[in-house]
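Notes for the one structure printed next.
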Amino acid sequence: MKKRLLSLFLIAVMLLSLCACSGKTKQDTAQPSAAASENTSGGPVRLVYMTSWEDKVDYNNYVAEVGKRFAEEHPDLCSGVDVLPVSYSGYEAKFQTALSSGTYVCDIFQGQPQTYHAFADPMPEAFAAWVDENVVDYLKDIGVYDGVRYGVPQEAGNFQQLYINVDMFEAAGLDPDSPPQTFEELKEMAKKLTQYDENGNIKVAGFGIRYSGEGQGIADKNLCIIHSFGGKMFDAESRTASGYANSPETITAVSWLKSLLDDNITNLEIGVPETAFAQGTAAMIMRESWVVGYLQNNAPDINFKVYPIPSVEGHEPVGAGNLFPWSHMVYKDSPNKAVAWKFLEYLYANVENDLKMNESAGYLPVLAENYTTDYVTSRPDYVSVSTVLERDYTPCYDYYVEEMTELAASFGNGILKVLYDEASAEDAMNTAAAEMDEILAEAAQ
């Protein structure tokens, strides 16, 4: 029956380009709860895990492997876990269509609670209390919407850090152990790091910026700069964007970003920041902690160091927080919710699973206990991460409203207009603020 339902699902969502693929440690030392101990399906079930991280093959395979162990230990409940990867491009529309169908499409899915809470089963209270007690402090708000915990935080380190190319710093007469402390220092160093060909064209950008992709991604990658200058995307309490998305601080931050292009420090052809950095065509970038693993696996010859992003005089340094609160949730229309919750408890209660699952993708683990492991303490970004985790300031958690995707898209598109010389920073952000106010007003009706 399970296989038949899965086949029907795959056929039904073929228009959405979904495609399927398929993975005994020591006994868990800490059990979050005894919830979900009863299998109401009448026999062992095979769980389906739907994810938009199609490219994280090792991560997904590890989930499947743990599913195999879970099945071996609970043969009366489960026969394993199948991974259903969805192409990240346009995944939200695909997820919305599949999850809103009211039919069985998966048991566990990866997503953001502010977008998918209506499709998610509230987490059992005992498990929720365990998650709150055991995850890294800054992740306690991840997986929660409107005071209800729906999911387990999926990753840590999902905030921007400064990556510098050590060899390029030294060649430019800069000290790689003395990174820029302010954004003005970053710009001055970037000028010295930029390399040109005989025609004056940039061949190595002093600082690689995020300029390609959808508006939501542009907003996410550049909010650290906006926040550093004292700007915000919008105010959740008053549900307004005007005065925030187009504040003097936000406009100054966007203008600073544009000045890197105007001063020929970078350009809009250098490529995606992490790719350019890995290829040696960008001397500095800002990206999340997963880039550590990406560089070690894909660019082992790049000598790099990682630091907290710079700050702006008169403003608080930005702490840990992100625009994408990825979480593992249980689908409310799954007939196997009890087994699915029991599997998630099994997956996270053993700290070794959290460590190995995230290590396979180069991520930081989510459980606080793993931050004393060799994997974490030996990482090039360990000191940077530790420093950022000690900071309090970040408006990111205020952005987790149902309309966040649309709001971020308008905000990011405003930044793009500035980068592509389609509008001044003031005009572009005024337009974005007006669009965002309209989105918030319509949602309130």
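Ordered as shown in the structure tokens, chains take letters A, B, and onward, while each chain numbers its residues from 1 and ligands are numbered from 1 in the order shown.
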If you run DSSP over the backbone, which residues in region 34-270 of chain A end up alpha helix (DSSP H)? Put them as a PyMOL selection string. chain A and resi 57-73+91-99+113-116+125-134+166-171+183-193+215-228+248-262
Quick one: everything within 9 Å of Pro153 (chain A), counting only C-alpha atoms, minus sequence neighbours fewer than 4 positions away in the same chain. Send it as a short mmCIF file (atom, residue, chain, number, x, y, z; two decimals) with N, CA and C atoms, in the first residue's frame.
```cif
data_model
loop_
_atom_site.label_atom_id
_atom_site.label_comp_id
_atom_site.auth_asym_id
_atom_site.auth_seq_id
_atom_site.Cartn_x
_atom_site.Cartn_y
_atom_site.Cartn_z
N VAL A 131 14.09 19.68 22.64
CA VAL A 131 14.75 20.47 21.61
C VAL A 131 15.18 21.82 22.18
N VAL A 135 19.37 22.38 21.82
CA VAL A 135 19.96 23.03 20.66
C VAL A 135 20.78 24.24 21.09
N LEU A 139 19.46 29.01 18.16
CA LEU A 139 18.52 28.25 17.32
C LEU A 139 17.19 27.98 18.00
N LYS A 140 17.01 28.43 19.22
CA LYS A 140 15.79 28.11 19.95
C LYS A 140 14.53 28.66 19.27
N ASP A 141 14.67 29.74 18.51
CA ASP A 141 13.51 30.29 17.81
C ASP A 141 13.28 29.65 16.45
N ILE A 142 14.22 28.82 16.01
CA ILE A 142 14.08 28.15 14.72
C ILE A 142 13.20 26.92 14.88
N GLY A 143 12.22 26.79 13.99
CA GLY A 143 11.27 25.69 14.09
C GLY A 143 10.00 26.08 14.82
N PRO A 325 14.85 29.92 8.29
CA PRO A 325 14.85 29.03 9.47
C PRO A 325 14.50 27.60 9.11
N TRP A 326 15.42 26.93 8.41
CA TRP A 326 15.16 25.56 7.96
C TRP A 326 14.90 24.64 9.15
N SER A 327 13.88 23.82 9.00
CA SER A 327 13.50 22.90 10.08
C SER A 327 13.01 21.58 9.49
N HIS A 328 13.10 20.53 10.29
CA HIS A 328 12.51 19.25 9.95
C HIS A 328 11.14 19.19 10.63
N VAL A 366 23.51 21.17 15.27
CA VAL A 366 22.51 22.00 15.95
C VAL A 366 22.48 21.77 17.45
#
```
Closest-contact table, region 291-349 of chain A side, partner region 274-280 of chain A, 7 Å, counting only C-alpha atoms, as a Markdown table:
```
| residue | atom | partner | partner_atom | distance |
| --- | --- | --- | --- | --- |
| A:Val291 | CA | A:Glu274 | CA | 7.0 |
| A:Leu295 | CA | A:Ala278 | CA | 6.3 |
| A:Ala299 | CA | A:Ala278 | CA | 5.4 |
| A:Ile302 | CA | A:Ala278 | CA | 6.7 |
```
Could you give me the residues within region 24-233 of chain A that DSSP places in strand (DSSP E or B), as a PyMOL selection string? chain A and resi 45-51+78-86+108-111+120+135+144-145+148-149+151-153+156+161-165+182+195-196+202-205+208
Interface rows for region 131-233 of chain A against region 414-419 of chain A: nearest pair, Å to one decimal, 8 Å, only C-alpha atoms, as a Markdown table:
```
| residue | atom | partner | partner_atom | distance |
| --- | --- | --- | --- | --- |
| A:Tyr211 | CA | A:Leu416 | CA | 6.8 |
| A:Gly215 | CA | A:Leu416 | CA | 7.5 |
| A:Ile218 | CA | A:Ile415 | CA | 7.5 |
| A:Ala219 | CA | A:Ile415 | CA | 7.7 |
```
Selected residues written out, N, CA and C atoms, as a PDB file, in the first residue's frame:
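Produced file selection_35.pdb, reproduced below:
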```pdb
ATOM      1  N   TYR A 211      24.874  39.099  -6.411  1.00  0.00           N
ATOM      2  CA  TYR A 211      24.090  39.934  -7.321  1.00  0.00           C
ATOM      3  C   TYR A 211      23.173  39.126  -8.225  1.00  0.00           C
ATOM      4  N   GLY A 215      15.031  37.662  -5.701  1.00  0.00           N
ATOM      5  CA  GLY A 215      15.077  38.724  -4.705  1.00  0.00           C
ATOM      6  C   GLY A 215      15.222  38.236  -3.284  1.00  0.00           C
ATOM      7  N   ILE A 218      18.805  37.501  -2.599  1.00  0.00           N
ATOM      8  CA  ILE A 218      19.577  38.740  -2.543  1.00  0.00           C
ATOM      9  C   ILE A 218      19.388  39.404  -1.182  1.00  0.00           C
ATOM     10  N   ALA A 219      18.147  39.419  -0.709  1.00  0.00           N
ATOM     11  CA  ALA A 219      17.875  39.993   0.610  1.00  0.00           C
ATOM     12  C   ALA A 219      18.621  39.230   1.691  1.00  0.00           C
TER      13      ALA A 219
END
```
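Excluding Val45 (chain A) and any residue on its chain fewer than 4 positions from it, the residues at most 7 Å away by only C-alpha atoms are Leu77, Cys78 and Ser79 of chain A.
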Can you write out the residues you just picked, keeping N, CA and C atoms, as a CSV table (one decimal), in the first residue's frame?
```csv
chain,number,residue,atom,x,y,z
A,77,LEU,N,7.5,-1.0,13.7
A,77,LEU,CA,7.0,0.3,13.3
A,77,LEU,C,7.4,0.7,11.9
A,78,CYS,N,8.6,0.4,11.5
A,78,CYS,CA,9.2,1.1,10.3
A,78,CYS,C,10.0,0.1,9.5
A,79,SER,N,10.0,0.3,8.2
A,79,SER,CA,10.9,-0.5,7.3
A,79,SER,C,12.0,0.3,6.7
```
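Rounded to one decimal, CA of Ala118 (chain A) and CA of Asp333 (chain A) lie 10.6 Å from each other.
Rounded to one decimal, CA of Lys187 (chain A) and CA of Cys396 (chain A) lie 25.0 Å from each other.
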What lies within 6 Å of Thr250 (chain A) using only C-alpha atoms, ignoring chain neighbours under 4 positions off, as a list in words? Ile226, Gly231 and Asn246 of chain A
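Residues within 7 Å of Asp76 (chain A), counting only C-alpha atoms and excluding same-chain residues fewer than 2 positions away, are Gly43, Pro44, His74 and Cys78 of chain A.
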Among listed residues A:Ala253, A:Ala71, A:Thr51, A:Gln112, nearest Ser87 (chain A) (using only C-alpha atoms):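 Among the listed residues, A:Thr51 lies closest to Ser87 (chain A).
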Quick one: pull the distance between CA of Tyr150 (chain A) and CA of Tyr116 (chain A), Å, one decimal. 9.3 Å
Restrict the calculation to only C-alpha atoms, then for each residue of region 237-330 of chain A with any atom at most 8 Å from an atom of region 376-389 of chain A give the closest atom pair and their distance in Å to one decimal, rows by chain and rising residue number, as a Markdown table.
```
| residue | atom | partner | partner_atom | distance |
| --- | --- | --- | --- | --- |
| A:Ser289 | CA | A:Asp381 | CA | 7.1 |
| A:Val292 | CA | A:Pro380 | CA | 7.2 |
| A:Lys305 | CA | A:Pro380 | CA | 6.3 |
| A:Val306 | CA | A:Asp381 | CA | 5.2 |
| A:Tyr307 | CA | A:Ser384 | CA | 4.9 |
| A:Pro308 | CA | A:Ser384 | CA | 5.2 |
| A:Val318 | CA | A:Val388 | CA | 7.5 |
| A:Gly319 | CA | A:Val388 | CA | 5.1 |
| A:Ala320 | CA | A:Leu389 | CA | 5.8 |
```
Could those residues be written to a file, using C-alpha atoms, as a PDB file, in the first residue's frame?
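Result file is result_29.pdb:
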```
ATOM      1  CA  SER A 289      29.617  28.398   7.622  1.00  0.00           C
ATOM      2  CA  VAL A 292      34.074  25.949   4.996  1.00  0.00           C
ATOM      3  CA  LYS A 305      40.615  32.280   7.053  1.00  0.00           C
ATOM      4  CA  VAL A 306      37.182  33.108   8.432  1.00  0.00           C
ATOM      5  CA  TYR A 307      36.202  36.095  10.575  1.00  0.00           C
ATOM      6  CA  PRO A 308      33.032  37.766  11.849  1.00  0.00           C
ATOM      7  CA  VAL A 318      25.405  41.716  14.082  1.00  0.00           C
ATOM      8  CA  GLY A 319      24.935  38.404  15.865  1.00  0.00           C
ATOM      9  CA  ALA A 320      23.738  34.993  14.732  1.00  0.00           C
TER      10      ALA A 320
END
```
Select, from A:Val66, A:Leu261, A:Ala245, A:Ala156, the residue with the minimum atom-to-atom distance to Lys191 (chain A), counting only C-alpha atoms.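 Checking each of A:Val66, A:Leu261, A:Ala245, A:Ala156 against Lys191 (chain A), counting only C-alpha atoms, the winner is A:Leu261.
Shortest atom-to-atom contact with Ala98 (chain A) among A:Val144, A:Tyr397, A:Arg391, A:Tyr331: A:Tyr331, counting only C-alpha atoms.
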Counting only C-alpha atoms, which residue out of A:Leu367, A:Ala190, A:Ile251, A:Val401 sits closest to Glu237 (chain A)? A:Val401
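Taking only C-alpha atoms into account, Tyr294 (chain A) lies nearest to A:Glu359 out of the set A:Asp235, A:Asp354, A:Glu184, A:Glu359.
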